[in-house]
Structures are given as structure tokens and as C-alpha cells.
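Data first, discussion second: the structure below is written as C-alpha cells.
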Amino acid sequence: MSLEDDIGIISRVSLFEDLTQEQLRLLAFGAERLSLTKGRELYREGQKAECGYVVAAGGIVLFRETQRGRQQLGEVGPGMILGEMALLTEANRLTSAVAARDSQVIRINRSLFRRILEEYPDMAAALHDRLKDRLHGMLVQIGEMEDRFKAN
């Protein structure tokens with residue numbers, strides 16, 4: 001795959017929708033493409049998260065290990081991002097991730113993403129607003145489910 005292919009894939013991720021073509025090029029140029037064979041672990045629940053991954057091809061299964069065994073939470077396909085919050089802040093992985101089939105991901109380091117935010121404060125402000133809106137939406141959804149969790 002070429003740099004232009006990576007730019008096209010990254011540009012479809014909602015987190016990066018406000019980036020200009022130049023900013024997308026910087027992000028793609030500094031990113032690393034990884035190939036995963038079916039069954040290969042991408043990361044493990046509880047590990048320190050220092051990057052995000054954009055799925056370029058294939059699929060990545062997310063799961064948690066429980067007392068009853070592996071609990072699959074879903075599968076992420078091309079154009080989706082894993083570890084989005086790791087690009088913004090220090091965090092640990094909330095799930096484990098493994099390749100559902102032969103796959104490719106684009107690894108974006110937090111330090112690279114932060115450097116781009118520092119160089120382009122307008123983009124950082126737009127990202128802040130989008131994340132604020134998302135958080136507000138999640139809080140509204142949680143409030144709507146409140147009755148389900150009240151004791152009778």
C-alpha cells in the first residue's frame with residue numbers, strides 16, 4: 001500500500017475528519033503499517049496504550065477474558081479506529097484485540113498526534129469541540145437508561 005492509500009484510509013476516520021490534506025499526509029507519513037496474520041494479538045487488556053490503530057484491511061476482534069472464558073465484544077473493520085483515547089491521554093487498554101483474519105492496521109503514536117495538534121491549534125480546537133459533543137451525547141444516553149438500573 002502507498003502513502004496515498006494510507007491517507008485515504010485515515011481520512012475516513014471520524015476523529016480525523018477536520019484534518020486538511022497536508023495534516024493527513026503528516027499523520028500518514030509518521031504512522032506505521034503493520035500486517036497481522038489471523039489469530040495474531042494486537043494488544044492485551046490492561047496494557048499501557050501509547051497509540052491508536054486504524055484498521056486498513058481485514059478485521060480485528062475485541063474481547064475480554066472473564067471467569068467464563070473469552071467474551072467477544074465485537075469486530076472492527078476497515079476505516080475504524082481502535083484506541084482513540086490513547087491518542088489523547090495516557091490510558092490502559094480496556095479490551096484485548098486479535099486479528100480475525102489476515103489484516104493490516106495503521107499504528108499512530110500519541111506523540112505524533114500531539115505534535116500535529118500543537119502545530120495546528122485550530123484543528124485541536126475542532127477536535128475538542130467534537131469530543132465535548134460526543135461526551136455530552138453519551139451522558140444523555142446514560143441518563144435515558146437510568147431507570148433500568150434503579151432498584152425497585
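In the C-alpha cells, chains take the letters A, B, ... in the order shown, each chain's residues start at 1, and ligands count up from 1 in the order shown.
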
Extract, using only C-alpha atoms, all DNA, RNA and protein residues at most 7 Å from range 14-19 of chain A, discarding same-chain residues fewer than 4 positions from it, and format them as a PyMOL selection string. chain A and resi 23-24+123

Please provide the set of residues having any atom within 8 Å of Asn92 in chain A, restricted to only C-alpha atoms, with same-chain residues fewer than 5 positions apart removed, written as a ChimeraX atom specification. /A:45-49,86

Could you pull out the residues in chain A that DSSP calls strand (DSSP E) from the backbone, as a ChimeraX atom specification? /A:32-36,41-43,48-49,51-57,60-66,69-76,81-82,91-92,96-99,103-109

Would you kindly return, as a list in words, each protein, DNA or RNA residue with an atom no farther than 12 Å from any atom of Gly74 in chain A, considering only C-alpha atoms and excluding same-chain residues fewer than 3 positions away?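 Listed by chain and then number, they are Gly59, Ile60, Val61, Leu62, Phe63, Arg64, Arg70, Gln71, Gly77, Leu82, Thr95, Ser96, Ala97, Val98, Ala99 and Ala100 of chain A.
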
Those selected residues, please, written with C-alpha atoms and delivered as a compact mmCIF listing (two decimals), in the first residue's frame.
```txt
# COMPACT_ATOMS: atom_id res chain seq x y z
CA GLY A 59 -10.87 -7.27 10.85
CA ILE A 60 -9.89 -7.11 14.50
CA VAL A 61 -11.88 -8.91 17.21
CA LEU A 62 -12.21 -7.17 20.58
CA PHE A 63 -12.66 -9.33 23.66
CA ARG A 64 -12.27 -9.57 27.42
CA ARG A 70 -13.23 -15.21 26.43
CA GLN A 71 -16.15 -12.82 25.90
CA GLY A 77 -13.32 -3.45 10.23
CA LEU A 82 -9.01 1.30 17.99
CA THR A 95 -10.02 -4.87 25.89
CA SER A 96 -7.76 -7.30 24.10
CA ALA A 97 -7.58 -7.31 20.30
CA VAL A 98 -6.66 -10.08 17.89
CA ALA A 99 -6.76 -10.38 14.08
CA ALA A 100 -9.96 -12.14 12.99
```

Kindly give the distance, in Å, that separates CA of Leu26 in chain A and CA of Leu94 in chain A, rounded to a single decimal.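 Between CA of Leu26 in chain A and CA of Leu94 in chain A the gap is 28.3 Å.
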
Computed interatomic separation between CA of Leu131 in chain A and CA of Glu90 in chain A (Å):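 Those two atoms sit 16.4 Å apart.
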
Helix (DSSP H, G or I) positions in chain A, given as JSON, numbers by chain: {"A": [3, 4, 5, 6, 7, 8, 9, 10, 11, 14, 15, 16, 21, 22, 23, 24, 25, 26, 27, 28, 29, 30, 84, 85, 86, 87, 110, 111, 112, 113, 114, 115, 116, 117, 118, 119, 121, 122, 123, 124, 125, 126, 127, 128, 129, 130, 131, 132, 133, 134, 135, 136, 137, 138, 139, 140, 141, 142, 143, 144, 146, 147, 148, 149]}

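In this structure, CA of Arg101 in chain A sits 8.1 Å away from CA of Leu36 in chain A.
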
Distance query range 53-56 of chain A at most 10 Å, only C-alpha atoms, self and fewer than 6 positions along chain excluded, as a PyMOL selection string: chain A and resi 1+5-6+8-10+12-13+31-35+42+76-84+86-87+103-109

Selection export as a PDB file, in the first residue's frame, atoms kept: C-alpha atoms:
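Once everything was written out, this is part14.pdb:
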```pdb
ATOM      1  CA  MET A   1       0.000   0.000   0.000  1.00  0.00           C
ATOM      2  CA  ASP A   5      -3.730   4.741   0.252  1.00  0.00           C
ATOM      3  CA  ASP A   6      -2.982   5.325   3.945  1.00  0.00           C
ATOM      4  CA  GLY A   8      -7.397   7.782   2.110  1.00  0.00           C
ATOM      5  CA  ILE A   9      -8.000   5.266   4.890  1.00  0.00           C
ATOM      6  CA  ILE A  10      -7.102   7.684   7.701  1.00  0.00           C
ATOM      7  CA  ARG A  12     -12.399   8.272   6.638  1.00  0.00           C
ATOM      8  CA  VAL A  13     -11.935   8.041  10.431  1.00  0.00           C
ATOM      9  CA  ALA A  31       2.420   6.280  11.030  1.00  0.00           C
ATOM     10  CA  GLU A  32       3.472   2.662  10.696  1.00  0.00           C
ATOM     11  CA  ARG A  33       1.592  -0.016   8.763  1.00  0.00           C
ATOM     12  CA  LEU A  34       1.501  -3.445  10.412  1.00  0.00           C
ATOM     13  CA  SER A  35       0.436  -6.754   8.880  1.00  0.00           C
ATOM     14  CA  LEU A  42      -2.579  -6.734  18.510  1.00  0.00           C
ATOM     15  CA  VAL A  76     -13.797  -3.734  13.985  1.00  0.00           C
ATOM     16  CA  GLY A  77     -13.317  -3.454  10.230  1.00  0.00           C
ATOM     17  CA  PRO A  78     -11.617  -1.203   7.701  1.00  0.00           C
ATOM     18  CA  GLY A  79     -11.797   2.528   8.382  1.00  0.00           C
ATOM     19  CA  MET A  80     -12.437   2.082  12.112  1.00  0.00           C
ATOM     20  CA  ILE A  81     -10.094   3.196  14.877  1.00  0.00           C
ATOM     21  CA  LEU A  82      -9.015   1.304  17.986  1.00  0.00           C
ATOM     22  CA  GLY A  83      -7.575   3.097  20.985  1.00  0.00           C
ATOM     23  CA  GLU A  84      -8.755   6.555  20.045  1.00  0.00           C
ATOM     24  CA  ALA A  86      -4.770   6.643  23.704  1.00  0.00           C
ATOM     25  CA  LEU A  87      -4.005   9.323  21.116  1.00  0.00           C
ATOM     26  CA  SER A 103      -5.339  -7.899   8.469  1.00  0.00           C
ATOM     27  CA  GLN A 104      -3.463  -4.634   8.208  1.00  0.00           C
ATOM     28  CA  VAL A 105      -3.547  -1.746  10.657  1.00  0.00           C
ATOM     29  CA  ILE A 106      -2.030   1.714  10.655  1.00  0.00           C
ATOM     30  CA  ARG A 107      -0.339   2.465  14.001  1.00  0.00           C
ATOM     31  CA  ILE A 108      -0.436   6.132  15.049  1.00  0.00           C
ATOM     32  CA  ASN A 109       1.671   7.140  18.053  1.00  0.00           C
TER      33      ASN A 109
END
```

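Closest approach to Leu117 in chain A among A:Leu27, A:Leu135, A:Asp147, A:Arg130: A:Leu27, based on only C-alpha atoms.
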
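Considering only C-alpha atoms, the residue among A:Thr66, A:Gly39, A:Ile116, A:Met85 positioned nearest to Arg25 in chain A is A:Ile116.
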